[in-house]
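As provided, run31.cif (mmCIF, C-alpha atoms) reads as follows.
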data_input
#
loop_
_atom_site.label_atom_id
_atom_site.label_comp_id
_atom_site.auth_asym_id
_atom_site.auth_seq_id
_atom_site.Cartn_x
_atom_site.Cartn_y
_atom_site.Cartn_z
CA MET A 70 29.73 -7.45 -30.86
CA ASN A 71 29.78 -8.93 -27.36
CA ALA A 72 33.04 -10.69 -28.15
CA LYS A 73 35.56 -11.23 -25.42
CA ILE A 74 38.93 -9.66 -25.89
CA ASN A 75 41.57 -11.33 -23.76
CA LEU A 76 45.11 -10.30 -22.98
CA GLN A 77 46.44 -12.15 -26.04
CA ASP A 78 44.18 -10.22 -28.40
CA LEU A 79 45.07 -6.97 -26.70
CA THR A 80 48.79 -7.72 -27.06
CA ASP A 81 48.39 -8.39 -30.77
CA LEU A 82 46.46 -5.17 -31.23
CA LEU A 83 49.08 -3.21 -29.32
CA VAL A 84 51.84 -4.69 -31.47
CA GLU A 85 49.95 -3.56 -34.54
CA LYS A 86 49.36 -0.10 -33.23
CA SER A 87 52.62 0.80 -31.52
CA GLY A 88 55.08 -1.02 -33.77
CA ILE A 89 56.80 -2.80 -30.88
CA THR A 90 57.69 -6.47 -30.60
CA LYS A 91 55.25 -8.96 -29.17
CA GLU A 92 57.47 -9.61 -26.16
CA GLU A 93 57.69 -5.89 -25.38
CA ALA A 94 53.94 -5.46 -25.67
CA ALA A 95 53.25 -8.48 -23.43
CA LEU A 96 55.77 -7.30 -20.88
CA PHE A 97 54.36 -3.80 -20.92
CA LEU A 98 50.76 -4.93 -20.43
CA ASN A 99 51.71 -7.32 -17.63
CA GLU A 100 53.68 -4.65 -15.83
CA TRP A 101 50.93 -2.15 -16.42
CA PHE A 102 48.28 -4.30 -14.73
CA ASP A 103 50.66 -5.22 -11.93
CA ALA A 104 51.36 -1.53 -11.32
CA ILE A 105 47.67 -0.71 -11.34
CA GLU A 106 46.91 -3.53 -8.92
CA GLU A 107 49.74 -2.59 -6.61
CA ALA A 108 48.79 1.08 -6.64
CA LEU A 109 45.18 0.19 -6.01
CA LEU A 110 45.99 -1.96 -3.00
CA ASN A 111 48.41 0.60 -1.59
CA ASP A 112 46.75 3.92 -2.39
CA GLN A 113 43.16 2.69 -2.68
CA ILE A 114 42.73 4.75 -5.87
CA VAL A 115 44.27 4.65 -9.35
CA LYS A 116 43.48 7.14 -12.07
CA ILE A 117 44.17 6.18 -15.65
CA LYS A 118 43.98 8.92 -18.22
CA ASN A 119 41.05 8.62 -20.64
CA LEU A 120 39.93 5.33 -19.11
CA GLY A 121 38.71 6.15 -15.66
CA SER A 122 39.52 5.58 -12.06
CA LEU A 123 39.51 2.47 -9.92
CA LYS A 124 38.68 2.99 -6.30
CA LEU A 125 38.58 0.81 -3.23
CA SER A 126 35.64 1.35 -0.94
CA ALA A 127 35.10 -0.28 2.41
CA VAL A 128 32.11 -2.49 3.07
CA SER A 129 31.31 -2.97 6.73
CA ASP A 130 30.57 -6.43 8.06
CA ARG A 131 27.00 -7.63 8.01
CA GLU A 132 24.97 -10.63 8.99
CA SER A 133 23.50 -12.84 6.34
CA ILE A 134 21.74 -16.16 6.17
CA ASP A 135 23.25 -19.12 4.38
CA VAL A 136 20.73 -20.06 1.69
CA ALA A 137 21.64 -23.75 1.83
CA THR A 138 21.74 -24.32 5.59
CA GLY A 139 19.66 -21.44 6.91
CA ASN A 140 22.34 -20.58 9.44
CA ARG A 141 23.33 -17.05 10.26
CA VAL A 142 26.66 -16.09 8.77
CA LEU A 143 28.72 -13.01 9.42
CA ILE A 144 30.13 -11.57 6.25
CA PRO A 145 33.36 -9.89 7.39
CA ALA A 146 34.19 -6.32 6.49
CA HIS A 147 36.02 -6.09 3.19
CA TYR A 148 36.89 -3.81 0.30
CA LYS A 149 35.24 -3.68 -3.05
CA ILE A 150 36.42 -2.07 -6.27
CA ASN A 151 34.44 0.70 -7.89
CA PHE A 152 35.20 1.65 -11.46
CA ILE A 153 34.24 5.14 -12.53
CA PRO A 154 34.72 5.51 -16.27
CA ASP A 155 36.28 8.62 -17.63
CA ASN A 156 33.85 11.06 -19.22
CA THR A 157 35.31 10.58 -22.68
CA LEU A 158 34.97 6.80 -22.38
CA ALA A 159 31.45 6.99 -20.96
CA GLN A 160 30.31 9.27 -23.76
CA ALA A 161 32.02 7.18 -26.44
CA VAL A 162 30.36 4.00 -25.17
CA ASN A 163 26.96 5.61 -24.83
CA GLU A 164 27.13 6.97 -28.38
CA PRO A 165 24.21 4.81 -29.69
CA PHE A 166 21.90 6.21 -27.00
CA ALA A 167 23.35 9.71 -26.90
CA PHE A 168 20.42 11.28 -28.76
CA PHE A 169 18.04 10.38 -25.93
CA GLU A 170 17.30 13.10 -23.47
CA THR A 171 15.67 13.01 -20.09
CA VAL A 172 12.07 14.02 -20.62
CA GLU A 173 9.78 15.48 -18.01
CA LEU A 174 6.46 13.68 -17.81
CA ASP A 175 3.55 16.04 -17.25
CA THR A 176 0.86 13.40 -16.86
CA ASP A 177 0.80 10.77 -14.21
CA PRO A 178 -0.34 7.54 -15.84
CA GLU A 179 -0.79 5.74 -12.53
CA ILE A 180 -3.11 8.36 -11.07
CA GLU A 181 -5.11 8.47 -14.28
CA ASN A 182 -5.54 4.72 -14.17
CA THR A 183 -6.88 4.75 -10.63
CA LYS A 184 -9.25 7.57 -11.51
CA GLU A 185 -10.60 5.57 -14.41
CA GLU A 186 -11.08 2.55 -12.21
CA GLU A 187 -12.94 4.58 -9.64
CA ALA A 188 -15.21 6.04 -12.30
CA GLU A 189 -15.92 2.56 -13.59
CA ALA A 190 -16.76 1.31 -10.12
CA GLU A 191 -19.13 4.25 -9.61
CA GLU A 192 -20.84 3.50 -12.89
CA VAL A 193 -21.43 -0.07 -11.83
CA GLU A 194 -22.84 1.11 -8.51
CA ARG A 195 -25.28 3.34 -10.33
CA GLU A 196 -26.26 0.54 -12.67
CA VAL A 197 -26.98 -1.76 -9.77
CA LYS A 198 -29.06 0.94 -8.08
CA GLU A 199 -31.11 1.43 -11.19
CA GLU A 200 -31.58 -2.26 -11.64
CA LEU A 201 -32.72 -3.02 -8.15
CA PRO A 202 -36.18 -1.44 -8.19
CA GLU A 203 -36.96 -3.17 -11.49
CA GLU A 204 -36.07 -6.49 -10.00
CA TRP A 205 -38.31 -5.87 -7.02
CA LYS A 206 -41.15 -4.89 -9.29
CA GLU A 207 -40.73 -8.09 -11.18
CA GLU A 208 -40.73 -10.13 -8.03
CA LYS A 209 -43.99 -8.47 -7.01
CA THR A 210 -45.63 -9.21 -10.32
CA GLU A 211 -44.60 -12.78 -9.85
CA GLU A 212 -46.46 -12.93 -6.57
CA ILE A 213 -49.69 -11.72 -8.11
CA PRO A 214 -51.51 -14.72 -9.54
CA ILE A 215 -51.76 -14.45 -13.30
CA ASP A 216 -54.07 -16.67 -15.21
CA GLU A 217 -52.79 -16.10 -18.68
CA GLU A 218 -49.83 -18.26 -19.55
CA ASP A 219 -48.49 -15.82 -22.12
CA THR A 220 -47.81 -13.06 -19.61
CA ILE A 221 -46.04 -15.45 -17.29
CA ASP A 222 -43.76 -16.58 -20.09
CA GLU A 223 -43.07 -13.00 -20.99
CA ASP A 224 -42.25 -12.16 -17.41
CA TRP A 225 -39.95 -15.10 -17.08
CA GLU A 226 -38.22 -14.24 -20.29
CA LYS A 227 -37.74 -10.69 -19.18
CA LYS A 228 -36.44 -11.84 -15.85
CA LEU A 229 -34.01 -14.29 -17.33
CA ARG A 230 -32.68 -11.72 -19.77
CA HIS A 231 -32.40 -9.21 -17.01
CA HIS A 232 -30.45 -11.60 -14.81
CA ALA A 233 -28.11 -12.55 -17.61
CA LYS A 234 -27.41 -8.88 -18.27
CA ARG A 235 -26.83 -8.23 -14.62
CA ARG A 236 -24.47 -11.16 -14.27
CA LYS A 237 -22.49 -9.92 -17.25
CA THR A 238 -22.05 -6.44 -15.84
CA ILE A 239 -21.00 -7.80 -12.49
CA HIS A 240 -18.64 -10.24 -14.11
CA LYS A 241 -17.04 -7.46 -16.12
CA VAL A 242 -15.82 -5.42 -13.20
CA LYS A 243 -14.80 -7.47 -10.21
CA LYS A 244 -14.05 -4.44 -8.10
CA GLY A 245 -17.61 -3.14 -8.38
CA CYS A 246 -18.91 -6.42 -7.00
CA THR A 247 -18.06 -5.83 -3.36
CA SER A 248 -19.44 -2.30 -3.39
CA SER A 249 -22.69 -3.45 -4.99
CA ILE A 250 -23.06 -6.13 -2.32
CA TYR A 251 -22.63 -3.46 0.35
CA ILE A 252 -25.28 -1.34 -1.29
CA LEU A 253 -27.64 -4.31 -1.44
CA ILE A 254 -27.14 -4.94 2.28
CA LEU A 255 -27.65 -1.26 3.05
CA ILE A 256 -30.89 -1.13 1.09
CA ILE A 257 -32.18 -4.26 2.80
CA VAL A 258 -31.34 -2.87 6.25
CA ALA A 259 -32.94 0.46 5.40
CA GLY A 260 -36.05 -1.36 4.21
CA LEU A 261 -36.24 -3.30 7.46
CA PHE A 262 -36.00 -0.13 9.49
CA ILE A 263 -38.75 1.54 7.51
CA TYR A 264 -40.91 -1.56 7.92
CA LEU A 265 -40.37 -1.61 11.68
CA TYR A 266 -41.08 2.10 11.90
CA LEU A 267 -44.37 1.71 10.04
CA MET A 268 -45.34 -1.21 12.26
CA GLU A 269 -44.71 0.85 15.33
CA LYS A 270 -46.77 3.68 13.94
CA ASP A 271 -49.68 1.33 13.34
CA ASN A 272 -49.43 0.08 16.91
CA PRO A 273 -52.71 1.05 18.59
CA MET A 274 -50.90 1.74 21.86
CA PHE A 275 -49.20 4.73 20.28
CA ASN A 276 -52.17 5.86 18.29
CA GLU A 277 -54.24 6.35 21.44
CA ILE A 278 -52.17 9.31 22.47
CA PRO A 279 -53.82 12.43 21.13
CA TYR A 280 -50.88 14.07 19.41
CA THR A 281 -52.96 16.65 17.55
CA GLU A 282 -54.61 18.07 20.63
CA GLN A 283 -51.35 18.76 22.38
CA TYR A 284 -50.08 22.25 22.65
CA ILE A 285 -46.74 22.50 20.82
CA PRO A 286 -45.15 25.81 21.77
CA ASP A 287 -42.49 27.81 20.01
CA ASP A 288 -38.82 26.92 20.56
CA SER A 289 -37.97 30.54 21.31
CA ASP A 290 -39.85 30.56 24.61
CA PRO A 291 -37.67 28.77 27.20
CA VAL A 292 -40.48 28.11 29.66
CA ALA A 293 -42.77 26.84 27.00
CA PHE A 294 -39.93 24.71 25.69
CA GLN A 295 -39.66 22.95 29.02
CA ILE A 296 -43.37 22.39 29.12
CA ARG A 297 -43.28 20.94 25.67
CA ASP A 298 -40.46 18.64 26.70
CA SER A 299 -42.44 17.29 29.60
CA ILE A 300 -45.47 16.83 27.36
CA LEU A 301 -43.39 14.92 24.89
CA GLN A 302 -41.96 12.76 27.62
CA ASP A 303 -45.42 12.06 28.91
CA SER A 304 -46.54 11.14 25.45
CA LEU A 305 -43.72 8.64 25.23
CA LYS A 306 -44.95 6.98 28.39
CA ILE A 307 -47.48 4.24 28.29
CA ASN A 308 -50.98 5.39 29.02
CA PRO A 309 -51.26 4.97 32.82
CA GLN A 310 -55.04 4.59 32.83
CA LYS A 311 -54.77 1.37 30.85
CA GLU A 312 -51.98 0.13 33.15
CA GLU A 313 -50.41 -1.58 30.19
CA VAL A 314 -46.71 -2.15 30.82
CA LYS A 315 -44.42 -1.62 27.90
CA THR A 316 -42.31 -4.68 27.14
CA ARG A 317 -39.33 -5.33 25.02
CA THR A 318 -37.63 -8.45 23.69
CA ILE A 319 -33.89 -8.60 24.18
CA ARG A 320 -32.05 -9.10 20.95
CA ALA A 321 -28.73 -10.89 20.65
CA GLY A 322 -25.88 -8.69 21.84
CA GLU A 323 -28.20 -6.09 23.38
CA ARG A 324 -27.44 -4.88 26.87
CA LEU A 325 -29.51 -3.18 29.53
CA THR A 326 -27.46 -0.02 29.37
CA LEU A 327 -28.22 0.35 25.66
CA ILE A 328 -31.93 -0.17 26.25
CA ALA A 329 -31.86 2.37 29.08
CA GLU A 330 -30.17 4.88 26.86
CA SER A 331 -32.73 4.46 24.11
CA GLU A 332 -35.69 4.45 26.52
CA TYR A 333 -34.69 7.09 29.04
CA GLY A 334 -31.87 8.93 27.34
CA HIS A 335 -29.22 7.92 29.90
CA LYS A 336 -27.56 4.56 30.40
CA ALA A 337 -27.30 4.99 34.16
CA PHE A 338 -31.00 4.18 34.42
CA TRP A 339 -30.46 0.58 33.38
CA ILE A 340 -30.60 -0.33 37.04
CA TYR A 341 -34.34 0.35 37.08
CA LEU A 342 -34.78 -2.08 34.23
CA TYR A 343 -33.11 -4.67 36.41
CA GLU A 344 -35.18 -3.63 39.43
CA GLU A 345 -38.34 -4.13 37.41
CA ASN A 346 -37.30 -7.47 35.96
CA LYS A 347 -35.43 -9.02 38.86
CA ALA A 348 -37.75 -11.99 38.81
CA VAL A 349 -36.80 -13.09 35.31
CA MET A 350 -33.22 -11.88 35.26
CA GLU A 351 -30.45 -13.70 37.09
CA ASN A 352 -27.46 -11.63 36.12
CA PRO A 353 -27.89 -8.25 34.46
CA ASN A 354 -24.39 -8.56 33.03
CA ASN A 355 -25.50 -11.49 30.91
CA VAL A 356 -29.00 -11.10 29.61
CA PRO A 357 -30.14 -13.96 27.39
CA ALA A 358 -31.45 -13.04 23.97
CA GLY A 359 -35.18 -13.50 23.48
CA LEU A 360 -36.01 -12.55 27.08
CA ILE A 361 -39.05 -10.28 27.32
CA ILE A 362 -38.51 -7.51 29.87
CA LYS A 363 -40.85 -4.84 31.22
CA ILE A 364 -39.93 -1.25 30.60
CA PRO A 365 -41.15 0.76 33.58
CA PRO A 366 -42.55 4.23 32.84
CA ALA A 367 -40.09 7.01 33.58
CA GLY A 368 -42.36 8.42 36.28
CA LYS A 369 -42.27 5.27 38.40
CA TYR A 370 -38.67 5.74 39.51
CA GLY A 371 -38.43 9.46 38.90
CA ILE A 372 -36.27 9.01 35.86
CA ASN A 373 -35.21 12.26 34.31
CA LYS A 374 -32.05 12.38 32.23
CA ASP A 375 -31.73 16.15 32.59
CA ASP A 376 -31.76 15.99 36.39
CA PRO A 377 -28.32 15.21 37.85
CA GLU A 378 -29.97 14.17 41.14
CA SER A 379 -31.97 11.48 39.35
CA VAL A 380 -28.88 10.14 37.64
CA ARG A 381 -26.98 10.12 40.94
CA LYS A 382 -29.74 8.12 42.62
CA ALA A 383 -29.60 5.55 39.85
CA ARG A 384 -25.85 5.23 40.32
CA GLU A 385 -26.19 4.81 44.07
CA LEU A 386 -28.68 2.02 43.52
CA THR A 387 -26.28 0.42 41.04
CA ALA A 388 -23.48 0.53 43.62
CA LYS A 389 -25.77 -1.15 46.13
CA TYR A 390 -26.50 -3.99 43.73
CA ALA A 391 -22.96 -4.25 42.50
CA THR A 392 -21.81 -6.28 45.52
CA MET A 393 -24.33 -8.96 44.70
CA TRP A 394 -22.95 -9.85 41.32
CA ASP A 395 -19.27 -9.71 42.05
CA MET B 150 47.80 7.39 -7.50
CA ASN B 151 47.12 9.38 -10.64
CA SER B 152 48.09 8.72 -14.22
CA ALA B 153 51.39 10.63 -14.09
CA GLU B 154 52.54 8.74 -11.00
CA LEU B 155 51.61 5.46 -12.64
CA VAL B 156 53.68 6.37 -15.68
CA THR B 157 56.66 7.25 -13.48
CA ALA B 158 56.46 3.97 -11.61
CA LEU B 159 56.21 1.99 -14.85
CA SER B 160 59.13 3.80 -16.50
CA GLN B 161 61.35 2.91 -13.55
CA LYS B 162 60.28 -0.72 -13.66
CA LEU B 163 60.59 -1.18 -17.42
CA GLN B 164 63.69 1.01 -17.81
CA LEU B 165 61.86 3.06 -20.41
CA SER B 166 61.43 6.78 -20.91
CA LYS B 167 58.29 8.38 -19.57
CA THR B 168 57.23 9.51 -23.02
CA GLU B 169 57.52 5.94 -24.33
CA VAL B 170 55.48 4.56 -21.43
CA ASN B 171 52.96 7.36 -21.87
CA LYS B 172 52.63 6.56 -25.56
CA ARG B 173 52.16 2.84 -24.96
CA MET B 174 49.62 3.52 -22.24
CA ASP B 175 47.64 5.90 -24.42
CA ASN B 176 47.62 3.30 -27.17
CA THR B 177 46.42 0.60 -24.82
CA VAL B 178 43.65 2.81 -23.48
CA ALA B 179 42.65 3.73 -27.03
CA LEU B 180 42.47 0.05 -27.95
CA ILE B 181 40.39 -0.80 -24.91
CA THR B 182 38.06 2.10 -25.63
CA ALA B 183 37.70 1.02 -29.25
CA GLU B 184 36.72 -2.49 -28.16
CA LEU B 185 34.27 -1.21 -25.58
CA ILE B 186 32.60 1.00 -28.19
CA LYS B 187 32.06 -2.16 -30.22
CA SER B 188 30.32 -3.59 -27.11
CA ASN B 189 33.13 -6.10 -26.67
CA SER B 190 34.31 -6.90 -23.19
CA VAL B 191 37.99 -6.70 -22.40
CA SER B 192 39.29 -9.10 -19.80
CA PHE B 193 42.60 -8.91 -17.98
CA PRO B 194 43.72 -12.15 -16.32
CA ASP B 195 43.80 -12.08 -12.54
CA PHE B 196 42.52 -8.54 -12.56
CA GLY B 197 39.04 -8.23 -13.96
CA THR B 198 36.88 -7.48 -16.95
CA LEU B 199 35.66 -4.25 -18.46
CA GLU B 200 32.30 -4.76 -20.09
CA VAL B 201 29.44 -2.70 -21.46
CA LYS B 202 26.04 -2.98 -19.81
CA LYS B 203 22.75 -1.47 -20.79
CA ARG B 204 20.87 0.43 -18.15
CA GLU B 205 17.15 0.33 -18.88
CA GLU B 206 15.10 3.47 -19.10
CA ARG B 207 13.29 4.39 -15.92
CA ILE B 208 11.03 6.99 -14.41
CA SER B 209 12.60 8.99 -11.64
CA VAL B 210 10.73 11.40 -9.40
CA ASN B 211 12.31 14.54 -8.08
CA PRO B 212 11.52 14.37 -4.37
CA ALA B 213 11.61 18.13 -3.97
CA SER B 214 9.37 19.18 -6.84
CA GLY B 215 7.53 15.90 -7.41
CA LYS B 216 8.30 16.12 -11.12
CA ARG B 217 8.47 12.82 -12.95
CA MET B 218 11.32 12.41 -15.38
CA LEU B 219 11.79 9.69 -17.96
CA VAL B 220 15.44 8.79 -17.86
CA PRO B 221 16.49 7.25 -21.20
CA PRO B 222 18.36 3.96 -21.52
CA LYS B 223 22.10 4.16 -21.26
CA LEU B 224 25.18 2.13 -22.04
CA VAL B 225 27.71 2.08 -19.24
CA VAL B 226 31.10 0.53 -18.69
CA LYS B 227 31.19 -1.88 -15.81
CA PHE B 228 34.25 -3.34 -14.14
CA LYS B 229 33.91 -6.90 -12.94
CA VAL B 230 36.55 -7.88 -10.42
CA SER B 231 38.24 -11.23 -11.00
CA ASN B 232 38.09 -13.86 -8.28
CA THR B 233 41.83 -13.76 -7.63
CA LEU B 234 41.73 -10.01 -7.02
CA LYS B 235 38.67 -10.47 -4.82
CA GLU B 236 40.59 -12.92 -2.66
CA LYS B 237 43.43 -10.44 -2.36
CA LEU B 238 40.98 -7.73 -1.31
CA LYS B 239 39.60 -9.98 1.40
CA GLU B 240 43.02 -10.31 2.94
CA ILE B 241 43.40 -6.58 3.48
CA LYS B 242 42.39 -5.64 6.97
CA ILE B 243 40.14 -2.66 7.33
#
If you convert what's in this file into structure tokens, what do you get?
Amino acid sequence: MNAKINLQDLTDLLVEKSGITKEEAALFLNEWFDAIEEALLNDQIVKIKNLGSLKLSAVSDRESIDVATGNRVLIPAHYKINFIPDNTLAQAVNEPFAFFETVELDTDPEIENTKEEEAEAEEVEREVKEELPEEWKEEKTEEIPIDEEDTIDEDWEKKLRHHAKRRKTIHKVKKGCTSSIYILILIIVAGLFIYLYLMEKDNPMFNEIPYTEQYIPDDSDPVAFQIRDSILQDSLKINPQKEEVKTRTIRAGERLTLIAESEYGHKAFWIYLYEENKAVMENPNNVPAGLIIKIPPAGKYGINKDDPESVRKARELTAKYATMWD
Amino acid sequence: MNSAELVTALSQKLQLSKTEVNKRMDNTVALITAELIKSNSVSFPDFGTLEVKKREERISVNPASGKRMLVPPKLVVKFKVSNTLKEKLKEIKI
């Protein structure tokens, strides 16, 4: 097993097998290899019965990098020898593994694995979702002043246990961690929006407008639809009798065009925002965050997003101003 | 060059009959094969070595049908070219 048979051993074996003298066997083997080599170099292919064929194949030149020096080296084109064993030899050698057959795999283990991982991640997401409201509840109970010491202890115990459990589940599946963080952020953002919305609703400025008394016509009637639109637009305006001007605080990264789009439905009208706030605004291209600007009512400048003429006027005004900032 | 041509060339060189050369060659090949079956490597000076290598089992995918096949491990005969023959090969111009 794994022994090396050299030419000497082969000669001895041949002597044994063929009944020829040692000198004859040595001579024959030497000549044999010489003939094979010569034929290989001349004809580029030698076939030996029951053993296989030796073939020369060309390798084109290629560039390589010297590992030691890091220099580029050109490996010149050369020949290499391919040995293709004869079928009988190949089968004889492969005898120990001959009973194996190529098997078709019907299941894909890799895909299954990924599916399992995904399912796990989803489970963790669900767990986190379920846990969140509980946690909030607990935080609320903490805020309420409790006189009895026992309940506080109980609460704290519960909370500690809960946290430990949560940490364990998060620790278990690292992949679920990032997704749960995203969900947390999403929930917080959603909560903020709802809070802001409720605040706005409670704003007395908006409550003054008598929504209930307005006539809300059917969508099917085109004329009535237009009327309704105008009513709605009017309702969005600040009550003119009070002469209260709507204001807005610029947040970081917010631009006039975005405000115009949200206020008037078209970003071209941003120019009126500038017109109204020229006094406090130096460059409309760079509005500092925290600046409180006035939002003029749509009627003041004839702003109507559905009227192309109105949009065009806004653009003309923008072009007029444009020279100032450049 | 095929086996018959090799035998002819050898018989001329050794001044032996073709049948004798054929017999000796068959014996040699049989000996080499016997050693390779025993997982022994057979080396020829200044020429190279015939050795047995195990190819590990692997999963191959049929690109046309997408079927995955488990290819079993395999024992193959490998020819390792000796350095002297390699040098000779380098001298041949392509």
### Query
Do you know which residues the PyMOL selection byres ((chain B) within 6 of (chain A)) returns on this file, as a list in words?
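Residues picked by the PyMOL selection byres ((chain B) within 6 of (chain A)): Met150, Asn151, Ser152, Ile186, Lys187, Ser188, Asn189, Ser190, Val191, Ser192, Phe193, Arg217, Met218, Leu219, Val220, Pro221, Leu224, Phe228, Leu238 and Lys239 of chain B.
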Output of the above residues as a CSV table (one decimal), in the coordinates of the input, restricted to C-alpha atoms:
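Dumped to selection-v4.csv:
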chain,number,residue,atom,x,y,z
B,150,MET,CA,47.8,7.4,-7.5
B,151,ASN,CA,47.1,9.4,-10.6
B,152,SER,CA,48.1,8.7,-14.2
B,186,ILE,CA,32.6,1.0,-28.2
B,187,LYS,CA,32.1,-2.2,-30.2
B,188,SER,CA,30.3,-3.6,-27.1
B,189,ASN,CA,33.1,-6.1,-26.7
B,190,SER,CA,34.3,-6.9,-23.2
B,191,VAL,CA,38.0,-6.7,-22.4
B,192,SER,CA,39.3,-9.1,-19.8
B,193,PHE,CA,42.6,-8.9,-18.0
B,217,ARG,CA,8.5,12.8,-13.0
B,218,MET,CA,11.3,12.4,-15.4
B,219,LEU,CA,11.8,9.7,-18.0
B,220,VAL,CA,15.4,8.8,-17.9
B,221,PRO,CA,16.5,7.2,-21.2
B,224,LEU,CA,25.2,2.1,-22.0
B,228,PHE,CA,34.2,-3.3,-14.1
B,238,LEU,CA,41.0,-7.7,-1.3
B,239,LYS,CA,39.6,-10.0,1.4
### Query
Which residue, B:Leu185, B:Val156, B:Gly197, B:Lys229, has the smallest gap to B:Arg173 when you use all atoms listed in the file?
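Selected residue with least distance to B:Arg173: B:Val156.
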### Message
Could you list, as a ChimeraX atom specification, every residue within 9 Å of stretch 380-385 of chain A, counting all atoms listed in the file and ignoring same-chain residues fewer than 2 positions away?
### Response
/A:335,337-341,372-378,387-390
### Message
Ranking A:Asn156, A:Ser249, A:Asn355, A:Ala348 by minimum distance to B:Val225 and counting only C-alpha atoms, which one comes first?
### Response
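Selected residue with least distance to B:Val225: A:Asn156.
Pairwise distance (atom CA of A:Leu255, atom CA of A:Leu267) equals 18.4 Å.
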### Query
Nearest to A:Glu85: which of B:Val170, B:Thr177, B:Leu165, B:Gly215 is it, counting only C-alpha atoms?
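That would be B:Thr177, the residue with the smallest distance to A:Glu85.
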### Task
Can you work out the spacing between atom CA of A:Thr90 and atom CA of B:Leu234 in Å, to one decimal?
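We find that atom CA of A:Thr90 and atom CA of B:Leu234 lie 28.7 Å from each other.
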### Query
What is the atom CA of A:Ile361 to atom CA of A:Thr316 distance in Å?
6.5 Å
### Query
What residues have an atom no more than 6 Å from (40.6, -12.4, -11.8) in the file's own frame, counting all atoms listed in the file, and can you write them as a PyMOL selection string?
chain B and resi 194-197+231-234
### Task
Find the residues around A:Met350 up to 12 Å (all atoms listed in the file counted), leave out those fewer than 4 positions away in its own chain, and share them as a PyMOL selection string.
chain A and resi 319+325+340+342-346+354-358+360-363
Residues of the last selection are to be written out with C-alpha atoms, as a compact mmCIF listing (two decimals), in the coordinates of the input.
# COMPACT_ATOMS: atom_id res chain seq x y z
CA ILE A 319 -33.89 -8.60 24.18
CA LEU A 325 -29.51 -3.18 29.53
CA ILE A 340 -30.60 -0.33 37.04
CA LEU A 342 -34.78 -2.08 34.23
CA TYR A 343 -33.11 -4.67 36.41
CA GLU A 344 -35.18 -3.63 39.43
CA GLU A 345 -38.34 -4.13 37.41
CA ASN A 346 -37.30 -7.47 35.96
CA ASN A 354 -24.39 -8.56 33.03
CA ASN A 355 -25.50 -11.49 30.91
CA VAL A 356 -29.00 -11.10 29.61
CA PRO A 357 -30.14 -13.96 27.39
CA ALA A 358 -31.45 -13.04 23.97
CA LEU A 360 -36.01 -12.55 27.08
CA ILE A 361 -39.05 -10.28 27.32
CA ILE A 362 -38.51 -7.51 29.87
CA LYS A 363 -40.85 -4.84 31.22
